[in-house]
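The block underneath contains the structure these notes are about, expressed in structure tokens.
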Amino acid sequence: MTANGIFQIILYLFVLLLTVKPLGLFMAKVFQRERTFLDPIFGPVERLIYRIAGINPDDEMDWKQNAIAMLIFNFFGLIIVYAIQRLQQFFFLNPQGMSAVSPDSSFNTAVSFTSNTNWQGYSGEMTMSYLTQMLALTVQNFVSSATGIAILVLFIRGLARHSATTLGNFWIDMTRSILYILLPLSIVLALLLISQGVVQNYSPSVEIPLLEPTRDVSGTTVTNQVIVMGPAASQIAIKQLGTNGGGFFNGNSAHPFENPTPLSNFLEMLSILLVAAALCYTYGVMVKDTRQGWAILAAMLIIFIPVVFCTYNAEISGNPKLSASAIDQKTSDINPGGNMEGKEVRFGIANSALWAIATTSASNGSVNSMHDSFTPIGGLAALVMMHLGEVVFGGVGSGLYGIVIFVIVAVFVAGLLVGRTPEYLGHKIETYEMKMASLLILIMPLTVLFLTALAVITTAGKAAVFNTGPHGLSEILYAFTSQGNNNGSAFAGLSVNNPFYNVTGGIAMLIGRYWLAVPTLALAGSLVRKKLVPPSEGTLPIHTPLFIFWLIAIIIIVGVLNFLPALALGPLVEHLLMVQ
Amino acid sequence: MLLKPLRPALVLLIIMTILTGIIYPFIITGLAQLCFPAKANGSFMINKGKVIGSELIGQKFISPKYFWTRLSATSPLPYNATASTGSNYGPLNPALLKAVTKRIDDLKGMDSLNNKPIPVDLVTSSSSGLDPHISVASAQYQVPRIARSRGIGEKQIQLLIEKYTEGRTLGILGEPRVNVLKLNYALDEFK
């Protein structure tokens, strides 16, 4: 590790932490329906939207009504994304003449973008028309992340209220998330990215002469280079901010048009964790105990930071299989060094490792380097961040309700150990809550491991593997881990654009999103009814360092141990083979 | 209970589609074309009225008189800007070792007297397959070969490398690097 690399990582964390309180406070105002500085601009739009949609701004709904609203809204979104892909050849804004996307790929992509996963079996610049990128994909980038935030806000009200029945209104929380948070942030970020060189136009591809003619695989001389264009920046901004991650181009944020400079890289990387981190503070404000918000953020950071440095160290140590006498892998001020396969020179090792861990911890899934080419330990770290269940930052909204469910489990286990009635924020934790929490925690490993096992024993599953040996197992495990957790990044060597992976992956994404979202709302519906239990001598303090470490232990034990056997057969074996 | 949400669901989806799928990208495009037209349209470099390439998209070079860019795994030819991709080779994949070995042989074949170890970025493929940069070390490694095949002094080439080296942003972010296409154009202009 170099001093500059370490400094870049620390600077990133510092800037991220600076944004937590102001943005968190602002978002709390948005969800508590208070006036903000954006009201003069978006207030009239908001009222107009409610009038056309027939939403009474004072209406509140219970958990079931909210869950149904969320499911129906997402179902319509899924249908539209599917339909646009299947019919894109008939529409305008298709200068490259893209044809219809196959049914299984359209299904997979529709699920992927509505569920905030943004797994991509397709290659953007070769498959999607500009219209599809905008109307289908950019829109879902907004509404899927707003859905996650809305579910979180409903869940928080379940914890903040007592002896009540309603949680708020999904339509309103979703609309306000887009109007006051996601859209303004995206506009600012998109313009900053364009200033760095991210493309934003509706032109067809441009053909330019090469300085030196070259040859393709068949030996034909090629004198021109075709450069793809498109409205990329507007989509990339929300892709980063909404923990979506689906790239405009196949190369995602490694593509120079998607992420041209170290500064654009810093901004995009900051955006991965920006909203998720600030929501911790929003949570604290809304449950009227900001220490709770900071305690949760601290637990996230205590898991996050060591993993970043571990990955950085693994990647900068390079690949021992490459000849030491012929190749200089030593890092210096003029040589990025380390494991540069699948990494870009302008980012170097530190930014590639930091991005990899930010994107996997936050269920973002965008990449600025190819995870498939990481060292075994680097790849392992990315896998583990997802195996934690996307609760260290996690998806916007979904990450925080995920970790609060871990908090409830931690409170329950601690309560049992010391013989006290477990309670959280004045709510008694009883059988029903624990049933829901267990369901939420066990579904993901079951889905991921079952589908991985299925792929490993079927011909269709094995045929897709690109790298042989233990790395092949890692590729399959990574694919289902990523989709089952709505992350969307990939060990991209695996050939996933075929019926087997498109369908199984689609199912994993559906379960990972909705099978968790509905019990989460049910849990909130149960908590909101409970009478306030005033804090007493016996109440477990839930913001102390002791509790933070207890929470981390629960997350690691429950989250990672399920996957240890699979990890031992994949990246751990590969690491041993590499160093032998 | 199931019918009531139909209207808000449909209407909100349509409104959000118009707002975030049409208005938002069009506003951004308008602002982009107004404030940063060159950047928003691909950062093309223009020389004597002709577009000579994008400063962000790398090209492949094969002759000894040009600086070489990194390996590119795009198909059917390297630096195919319509199909960005990395190699996705795992660290133990024999194909990775083969590609690296071939690259070492190619470089040494044109420059057999150069016994210095080759900087790692020059023998590995980039993540996008379009990386426009190489490290400063990789540029310096190639100086003797280029000086010999062009018949100009190493000193002059070193000066050109310095001129086209981009440092870390604010001295902190990213890695120092050299834009190969710009550097090669400068070489052609020089001689």
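To be explicit about the labels: the chains of the structure tokens are called A, B, and onward in the order shown, and within each one the residues are counted from 1, while ligands get numbers from 1 in the order they are shown.
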Can you list, as a compact mmCIF listing (two decimals) with C-alpha atoms, in the first residue's frame, every protein, DNA or RNA residue that comes within 12 Å of B:Leu6 when you count only C-alpha atoms, leaving out same-chain residues fewer than 6 positions away?
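Result file result.txt:
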```txt
# COMPACT_ATOMS: atom_id res chain seq x y z
CA ALA A 53 -53.08 10.35 -9.79
CA GLY A 54 -56.02 10.72 -7.44
CA ILE A 55 -53.87 10.60 -4.32
CA GLN A 65 -52.26 -1.45 1.64
CA ILE A 68 -50.02 -3.98 -2.30
CA ALA A 69 -49.40 -0.49 -3.67
CA MET A 70 -45.67 -1.20 -3.87
CA LEU A 71 -46.16 -4.58 -5.57
CA ILE A 72 -48.66 -3.32 -8.14
CA PHE A 73 -46.50 -0.32 -8.98
CA ASN A 74 -43.43 -2.50 -9.44
CA PHE A 75 -45.39 -5.06 -11.46
CA PHE A 76 -46.51 -2.41 -13.94
CA TRP A 171 -47.17 6.89 -3.12
CA LEU B 12 -47.49 7.69 -11.25
CA LEU B 13 -45.58 5.36 -13.54
```
Excluding same-chain residues fewer than 3 positions from A:Thr447, what lies within 12 Å of it counting only C-alpha atoms, as a PDB file with N, CA, C and O atoms, in the first residue's frame?
```pdb
ATOM      1  N   HIS A 387     -22.455 -11.221   0.793  1.00  0.00           N
ATOM      2  CA  HIS A 387     -22.994 -12.281   1.655  1.00  0.00           C
ATOM      3  C   HIS A 387     -23.517 -11.740   2.974  1.00  0.00           C
ATOM      4  O   HIS A 387     -24.336 -12.365   3.629  1.00  0.00           O
ATOM      5  N   GLY A 389     -25.527  -9.768   3.270  1.00  0.00           N
ATOM      6  CA  GLY A 389     -26.949  -9.500   3.059  1.00  0.00           C
ATOM      7  C   GLY A 389     -27.212  -8.072   2.634  1.00  0.00           C
ATOM      8  O   GLY A 389     -28.318  -7.569   2.775  1.00  0.00           O
ATOM      9  N   LEU A 440     -36.527 -13.177   7.023  1.00  0.00           N
ATOM     10  CA  LEU A 440     -35.796 -12.202   6.224  1.00  0.00           C
ATOM     11  C   LEU A 440     -34.322 -12.581   6.099  1.00  0.00           C
ATOM     12  O   LEU A 440     -33.707 -12.396   5.060  1.00  0.00           O
ATOM     13  N   ILE A 441     -33.768 -13.114   7.188  1.00  0.00           N
ATOM     14  CA  ILE A 441     -32.331 -13.376   7.177  1.00  0.00           C
ATOM     15  C   ILE A 441     -32.020 -14.688   6.458  1.00  0.00           C
ATOM     16  O   ILE A 441     -30.985 -14.819   5.815  1.00  0.00           O
ATOM     17  N   LEU A 442     -32.933 -15.677   6.508  1.00  0.00           N
ATOM     18  CA  LEU A 442     -32.613 -16.992   5.952  1.00  0.00           C
ATOM     19  C   LEU A 442     -32.926 -17.139   4.463  1.00  0.00           C
ATOM     20  O   LEU A 442     -32.334 -17.982   3.797  1.00  0.00           O
ATOM     21  N   ILE A 443     -33.843 -16.330   3.947  1.00  0.00           N
ATOM     22  CA  ILE A 443     -34.248 -16.474   2.544  1.00  0.00           C
ATOM     23  C   ILE A 443     -33.062 -16.318   1.592  1.00  0.00           C
ATOM     24  O   ILE A 443     -32.880 -17.096   0.664  1.00  0.00           O
ATOM     25  N   MET A 444     -32.234 -15.307   1.854  1.00  0.00           N
ATOM     26  CA  MET A 444     -31.167 -14.975   0.902  1.00  0.00           C
ATOM     27  C   MET A 444     -30.145 -16.109   0.764  1.00  0.00           C
ATOM     28  O   MET A 444     -29.905 -16.582  -0.349  1.00  0.00           O
ATOM     29  N   PHE A 450     -28.893 -22.560  -3.095  1.00  0.00           N
ATOM     30  CA  PHE A 450     -29.656 -23.534  -3.875  1.00  0.00           C
ATOM     31  C   PHE A 450     -29.409 -23.337  -5.371  1.00  0.00           C
ATOM     32  O   PHE A 450     -29.128 -24.295  -6.092  1.00  0.00           O
ATOM     33  N   LEU A 451     -29.472 -22.104  -5.826  1.00  0.00           N
ATOM     34  CA  LEU A 451     -29.285 -21.853  -7.259  1.00  0.00           C
ATOM     35  C   LEU A 451     -27.850 -22.122  -7.697  1.00  0.00           C
ATOM     36  O   LEU A 451     -27.606 -22.619  -8.795  1.00  0.00           O
ATOM     37  N   THR A 452     -26.877 -21.823  -6.821  1.00  0.00           N
ATOM     38  CA  THR A 452     -25.486 -22.141  -7.144  1.00  0.00           C
ATOM     39  C   THR A 452     -25.327 -23.649  -7.304  1.00  0.00           C
ATOM     40  O   THR A 452     -24.729 -24.136  -8.266  1.00  0.00           O
ATOM     41  N   ALA A 453     -25.911 -24.401  -6.355  1.00  0.00           N
ATOM     42  CA  ALA A 453     -25.827 -25.861  -6.424  1.00  0.00           C
ATOM     43  C   ALA A 453     -26.484 -26.360  -7.708  1.00  0.00           C
ATOM     44  O   ALA A 453     -25.955 -27.235  -8.396  1.00  0.00           O
ATOM     45  N   LEU A 454     -27.636 -25.785  -8.045  1.00  0.00           N
ATOM     46  CA  LEU A 454     -28.344 -26.193  -9.259  1.00  0.00           C
ATOM     47  C   LEU A 454     -27.473 -25.958 -10.497  1.00  0.00           C
ATOM     48  O   LEU A 454     -27.374 -26.814 -11.382  1.00  0.00           O
ATOM     49  N   LEU A 477     -21.040 -18.720  -8.052  1.00  0.00           N
ATOM     50  CA  LEU A 477     -21.463 -18.240  -6.728  1.00  0.00           C
ATOM     51  C   LEU A 477     -21.659 -16.726  -6.755  1.00  0.00           C
ATOM     52  O   LEU A 477     -22.625 -16.195  -6.196  1.00  0.00           O
ATOM     53  N   ALA A 479     -22.432 -14.858  -9.312  1.00  0.00           N
ATOM     54  CA  ALA A 479     -23.608 -14.485 -10.110  1.00  0.00           C
ATOM     55  C   ALA A 479     -24.877 -14.557  -9.261  1.00  0.00           C
ATOM     56  O   ALA A 479     -25.697 -13.631  -9.257  1.00  0.00           O
ATOM     57  N   PHE A 480     -25.047 -15.654  -8.529  1.00  0.00           N
ATOM     58  CA  PHE A 480     -26.289 -15.785  -7.754  1.00  0.00           C
ATOM     59  C   PHE A 480     -26.258 -14.945  -6.476  1.00  0.00           C
ATOM     60  O   PHE A 480     -27.279 -14.459  -6.021  1.00  0.00           O
ATOM     61  N   THR A 481     -25.054 -14.771  -5.908  1.00  0.00           N
ATOM     62  CA  THR A 481     -24.943 -13.890  -4.744  1.00  0.00           C
ATOM     63  C   THR A 481     -25.352 -12.473  -5.139  1.00  0.00           C
ATOM     64  O   THR A 481     -26.114 -11.802  -4.444  1.00  0.00           O
ATOM     65  N   SER A 482     -24.842 -12.043  -6.287  1.00  0.00           N
ATOM     66  CA  SER A 482     -25.106 -10.685  -6.744  1.00  0.00           C
ATOM     67  C   SER A 482     -26.592 -10.485  -7.027  1.00  0.00           C
ATOM     68  O   SER A 482     -27.183  -9.476  -6.638  1.00  0.00           O
ATOM     69  N   GLN A 483     -27.215 -11.463  -7.691  1.00  0.00           N
ATOM     70  CA  GLN A 483     -28.620 -11.298  -8.040  1.00  0.00           C
ATOM     71  C   GLN A 483     -29.525 -11.523  -6.829  1.00  0.00           C
ATOM     72  O   GLN A 483     -30.504 -10.803  -6.638  1.00  0.00           O
ATOM     73  N   GLY A 484     -29.194 -12.502  -5.997  1.00  0.00           N
ATOM     74  CA  GLY A 484     -30.008 -12.769  -4.806  1.00  0.00           C
ATOM     75  C   GLY A 484     -29.978 -11.626  -3.815  1.00  0.00           C
ATOM     76  O   GLY A 484     -30.841 -11.508  -2.948  1.00  0.00           O
ATOM     77  N   ASN A 485     -28.948 -10.786  -3.904  1.00  0.00           N
ATOM     78  CA  ASN A 485     -28.848  -9.634  -3.009  1.00  0.00           C
ATOM     79  C   ASN A 485     -29.136  -8.325  -3.717  1.00  0.00           C
ATOM     80  O   ASN A 485     -28.846  -7.253  -3.184  1.00  0.00           O
ATOM     81  N   THR A 504     -33.143 -18.294 -14.003  1.00  0.00           N
ATOM     82  CA  THR A 504     -32.807 -18.536 -12.591  1.00  0.00           C
ATOM     83  C   THR A 504     -32.391 -17.226 -11.914  1.00  0.00           C
ATOM     84  O   THR A 504     -32.793 -16.950 -10.780  1.00  0.00           O
ATOM     85  N   GLY A 505     -31.630 -16.424 -12.635  1.00  0.00           N
ATOM     86  CA  GLY A 505     -31.192 -15.144 -12.065  1.00  0.00           C
ATOM     87  C   GLY A 505     -32.384 -14.236 -11.810  1.00  0.00           C
ATOM     88  O   GLY A 505     -32.460 -13.560 -10.784  1.00  0.00           O
ATOM     89  N   GLY A 506     -33.324 -14.226 -12.765  1.00  0.00           N
ATOM     90  CA  GLY A 506     -34.527 -13.411 -12.590  1.00  0.00           C
ATOM     91  C   GLY A 506     -35.284 -13.814 -11.333  1.00  0.00           C
ATOM     92  O   GLY A 506     -35.751 -12.960 -10.562  1.00  0.00           O
ATOM     93  N   ILE A 507     -35.379 -15.134 -11.110  1.00  0.00           N
ATOM     94  CA  ILE A 507     -36.083 -15.607  -9.913  1.00  0.00           C
ATOM     95  C   ILE A 507     -35.334 -15.160  -8.656  1.00  0.00           C
ATOM     96  O   ILE A 507     -35.929 -14.684  -7.687  1.00  0.00           O
ATOM     97  N   ALA A 508     -34.002 -15.295  -8.686  1.00  0.00           N
ATOM     98  CA  ALA A 508     -33.207 -14.884  -7.518  1.00  0.00           C
ATOM     99  C   ALA A 508     -33.434 -13.406  -7.200  1.00  0.00           C
ATOM    100  O   ALA A 508     -33.578 -13.014  -6.036  1.00  0.00           O
ATOM    101  N   MET A 509     -33.500 -12.570  -8.245  1.00  0.00           N
ATOM    102  CA  MET A 509     -33.674 -11.126  -8.017  1.00  0.00           C
ATOM    103  C   MET A 509     -35.064 -10.823  -7.461  1.00  0.00           C
ATOM    104  O   MET A 509     -35.218  -9.978  -6.580  1.00  0.00           O
ATOM    105  N   LEU A 510     -36.080 -11.537  -7.988  1.00  0.00           N
ATOM    106  CA  LEU A 510     -37.447 -11.321  -7.490  1.00  0.00           C
ATOM    107  C   LEU A 510     -37.533 -11.669  -6.012  1.00  0.00           C
ATOM    108  O   LEU A 510     -38.083 -10.908  -5.205  1.00  0.00           O
ATOM    109  N   ILE A 511     -36.970 -12.842  -5.655  1.00  0.00           N
ATOM    110  CA  ILE A 511     -37.007 -13.257  -4.249  1.00  0.00           C
ATOM    111  C   ILE A 511     -36.225 -12.265  -3.396  1.00  0.00           C
ATOM    112  O   ILE A 511     -36.691 -11.812  -2.349  1.00  0.00           O
ATOM    113  N   GLY A 512     -35.019 -11.926  -3.870  1.00  0.00           N
ATOM    114  CA  GLY A 512     -34.140 -11.047  -3.096  1.00  0.00           C
ATOM    115  C   GLY A 512     -34.784  -9.701  -2.791  1.00  0.00           C
ATOM    116  O   GLY A 512     -34.503  -9.084  -1.763  1.00  0.00           O
ATOM    117  N   ARG A 513     -35.650  -9.234  -3.688  1.00  0.00           N
ATOM    118  CA  ARG A 513     -36.250  -7.929  -3.456  1.00  0.00           C
ATOM    119  C   ARG A 513     -37.587  -8.045  -2.720  1.00  0.00           C
ATOM    120  O   ARG A 513     -37.767  -7.511  -1.648  1.00  0.00           O
ATOM    121  N   TRP A 515     -39.544 -10.763  -1.687  1.00  0.00           N
ATOM    122  CA  TRP A 515     -39.768 -11.659  -0.566  1.00  0.00           C
ATOM    123  C   TRP A 515     -39.205 -11.045   0.723  1.00  0.00           C
ATOM    124  O   TRP A 515     -39.551 -11.420   1.826  1.00  0.00           O
ATOM    125  N   LEU A 516     -38.296 -10.118   0.559  1.00  0.00           N
ATOM    126  CA  LEU A 516     -37.786  -9.423   1.748  1.00  0.00           C
ATOM    127  C   LEU A 516     -38.593  -8.162   2.040  1.00  0.00           C
ATOM    128  O   LEU A 516     -38.827  -7.826   3.198  1.00  0.00           O
ATOM    129  N   ASN A 562     -22.876 -18.960   6.788  1.00  0.00           N
ATOM    130  CA  ASN A 562     -23.632 -19.797   5.848  1.00  0.00           C
ATOM    131  C   ASN A 562     -22.838 -20.092   4.592  1.00  0.00           C
ATOM    132  O   ASN A 562     -23.040 -21.093   3.932  1.00  0.00           O
ATOM    133  N   PHE A 563     -21.980 -19.138   4.233  1.00  0.00           N
ATOM    134  CA  PHE A 563     -21.312 -19.221   2.937  1.00  0.00           C
ATOM    135  C   PHE A 563     -19.895 -19.761   3.037  1.00  0.00           C
ATOM    136  O   PHE A 563     -19.229 -19.928   2.029  1.00  0.00           O
TER     137      PHE A 563
END
```
Using the chain letters and numbers from this document, which residues of stretch 24-182 of chain B does DSSP assign to alpha helix (DSSP H), as a PyMOL selection string? chain B and resi 24-35+37-40+94-109+136-150+154-163+180-182
For the interface of stretch 41-145 of chain A with stretch 217-231 of chain A (cut-off 10 Å, counting only C-alpha atoms), please tabulate each contacting residue of stretch 41-145 of chain A alongside its nearest pair of atoms and their separation in Å to one decimal, rows sorted by chain and increasing number, as a tab-separated table.
```
residue	atom	partner	partner_atom	distance
A:Leu93	CA	A:Gly230	CA	9.9
A:Pro95	CA	A:Gly230	CA	9.8
A:Gln96	CA	A:Val228	CA	9.4
A:Glu125	CA	A:Val228	CA	7.1
A:Met126	CA	A:Val228	CA	9.5
A:Ser129	CA	A:Gly230	CA	9.2
A:Tyr130	CA	A:Gly230	CA	6.6
A:Leu131	CA	A:Pro231	CA	9.6
A:Gln133	CA	A:Pro231	CA	8.3
A:Met134	CA	A:Pro231	CA	8.0
```
Take the residues just selected and output them with all heavy atoms as a CSV table (one decimal), in the first residue's frame.
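result21.csv, freshly written:
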```csv
chain,number,residue,atom,x,y,z
A,93,LEU,N,-35.7,7.2,-31.8
A,93,LEU,CA,-34.4,7.3,-31.0
A,93,LEU,C,-33.7,6.0,-31.0
A,93,LEU,O,-33.3,5.4,-29.9
A,93,LEU,CB,-34.8,7.7,-29.5
A,93,LEU,CG,-34.9,9.2,-29.3
A,93,LEU,CD1,-35.2,9.5,-27.8
A,93,LEU,CD2,-33.6,9.9,-29.7
A,95,PRO,N,-30.9,5.2,-33.4
A,95,PRO,CA,-30.1,5.5,-34.6
A,95,PRO,C,-29.3,4.3,-35.1
A,95,PRO,O,-28.9,4.2,-36.2
A,95,PRO,CB,-29.2,6.7,-34.2
A,95,PRO,CG,-29.3,6.6,-32.7
A,95,PRO,CD,-30.6,6.1,-32.3
A,96,GLN,N,-29.0,3.4,-34.1
A,96,GLN,CA,-28.1,2.2,-34.5
A,96,GLN,C,-29.0,1.0,-35.0
A,96,GLN,O,-28.5,0.0,-35.3
A,96,GLN,CB,-27.2,1.8,-33.4
A,96,GLN,CG,-26.2,2.8,-32.9
A,96,GLN,CD,-25.4,3.4,-34.1
A,96,GLN,OE1,-25.4,4.6,-34.3
A,96,GLN,NE2,-24.7,2.5,-34.8
A,125,GLU,N,-24.2,-1.1,-25.2
A,125,GLU,CA,-24.0,-0.4,-26.5
A,125,GLU,C,-24.4,-1.3,-27.7
A,125,GLU,O,-24.5,-0.8,-28.8
A,125,GLU,CB,-22.6,0.2,-26.7
A,125,GLU,CG,-21.5,-0.8,-26.6
A,125,GLU,CD,-20.9,-1.0,-25.2
A,125,GLU,OE1,-21.6,-1.2,-24.3
A,125,GLU,OE2,-19.6,-1.0,-25.1
A,126,MET,N,-24.6,-2.6,-27.5
A,126,MET,CA,-24.9,-3.5,-28.6
A,126,MET,C,-26.3,-3.9,-28.6
A,126,MET,O,-26.7,-4.7,-29.5
A,126,MET,CB,-23.9,-4.7,-28.6
A,126,MET,CG,-22.5,-4.3,-28.9
A,126,MET,SD,-21.5,-5.8,-29.3
A,126,MET,CE,-21.2,-6.5,-27.6
A,129,SER,N,-31.7,0.5,-27.6
A,129,SER,CA,-31.8,1.7,-28.3
A,129,SER,C,-31.8,2.9,-27.2
A,129,SER,O,-31.9,2.6,-26.0
A,129,SER,CB,-33.1,1.8,-29.0
A,129,SER,OG,-34.2,2.0,-28.2
A,130,TYR,N,-31.5,4.1,-27.7
A,130,TYR,CA,-31.5,5.2,-26.8
A,130,TYR,C,-32.8,5.3,-26.0
A,130,TYR,O,-32.9,5.7,-24.9
A,130,TYR,CB,-31.2,6.5,-27.5
A,130,TYR,CG,-29.8,6.6,-28.1
A,130,TYR,CD1,-29.5,7.6,-29.0
A,130,TYR,CD2,-28.8,5.7,-27.8
A,130,TYR,CE1,-28.2,7.7,-29.6
A,130,TYR,CE2,-27.6,5.8,-28.4
A,130,TYR,CZ,-27.3,6.8,-29.3
A,130,TYR,OH,-26.0,6.8,-29.8
A,131,LEU,N,-33.9,5.0,-26.8
A,131,LEU,CA,-35.3,5.1,-26.2
A,131,LEU,C,-35.4,4.1,-25.0
A,131,LEU,O,-35.9,4.5,-24.0
A,131,LEU,CB,-36.3,4.9,-27.2
A,131,LEU,CG,-37.7,5.2,-26.7
A,131,LEU,CD1,-38.0,6.7,-26.8
A,131,LEU,CD2,-38.8,4.4,-27.5
A,133,GLN,N,-33.0,2.9,-23.3
A,133,GLN,CA,-32.1,3.3,-22.2
A,133,GLN,C,-32.8,4.4,-21.3
A,133,GLN,O,-32.7,4.4,-20.1
A,133,GLN,CB,-30.8,3.9,-22.7
A,133,GLN,CG,-29.9,2.9,-23.5
A,133,GLN,CD,-28.9,2.2,-22.6
A,133,GLN,OE1,-29.0,2.0,-21.4
A,133,GLN,NE2,-27.8,1.8,-23.2
A,134,MET,N,-33.5,5.3,-22.0
A,134,MET,CA,-34.2,6.4,-21.3
A,134,MET,C,-35.5,6.0,-20.6
A,134,MET,O,-35.7,6.0,-19.4
A,134,MET,CB,-34.4,7.5,-22.2
A,134,MET,CG,-33.2,8.3,-22.6
A,134,MET,SD,-33.5,9.3,-24.1
A,134,MET,CE,-34.9,10.2,-23.7
```
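Distance annotation: of A:Ala437, A:Met370, A:Val345, A:Ala455, the residue with the minimal separation from A:Thr520 is A:Ala437; atom set is only C-alpha atoms.
For the set A:Ile194, A:Arg51, A:Trp355, A:Gly488, the residue with the smallest atom-to-atom gap to B:Pro8 is A:Arg51, counting only C-alpha atoms.
Atom pair atom CA of A:Phe266 / atom CA of A:Ile316: separated by 19.4 Å.
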Can you pull out every residue within 7 Å of A:Phe347, counting only C-alpha atoms, but drop anything in the same chain fewer than 6 positions away, and send it as a PyMOL selection string? (chain A and resi 262) or (chain B and resi 174-175)
Expected file: the selected residues, all heavy atoms, as a compact mmCIF listing (two decimals), in the first residue's frame:
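Resulting contents of selection_31.txt:
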```txt
# COMPACT_ATOMS: atom_id res chain seq x y z
N PRO A 262 -10.02 10.80 -12.89
CA PRO A 262 -10.01 10.48 -11.45
C PRO A 262 -11.07 11.27 -10.67
O PRO A 262 -11.63 10.76 -9.70
CB PRO A 262 -8.60 10.86 -11.02
CG PRO A 262 -7.77 10.71 -12.26
CD PRO A 262 -8.67 11.10 -13.39
N GLY B 174 -6.30 9.55 -8.32
CA GLY B 174 -5.93 8.79 -9.49
C GLY B 174 -4.44 8.52 -9.57
O GLY B 174 -3.73 8.59 -8.56
N GLU B 175 -3.97 8.18 -10.79
CA GLU B 175 -2.56 7.85 -10.98
C GLU B 175 -2.00 8.72 -12.12
O GLU B 175 -2.72 9.02 -13.07
CB GLU B 175 -2.41 6.38 -11.36
CG GLU B 175 -2.85 5.39 -10.29
CD GLU B 175 -1.93 5.37 -9.07
OE1 GLU B 175 -0.74 5.70 -9.22
OE2 GLU B 175 -2.41 5.02 -7.98
```
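Every residue of stretch 412-527 of chain A found in strand (DSSP E or B) when DSSP is run on the backbone appears here: A:Glu423, A:Tyr424, A:His427, A:Lys428.
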note - atom CA of A:Asn244 and atom CA of A:Asn141 are separated by 6.1 Å
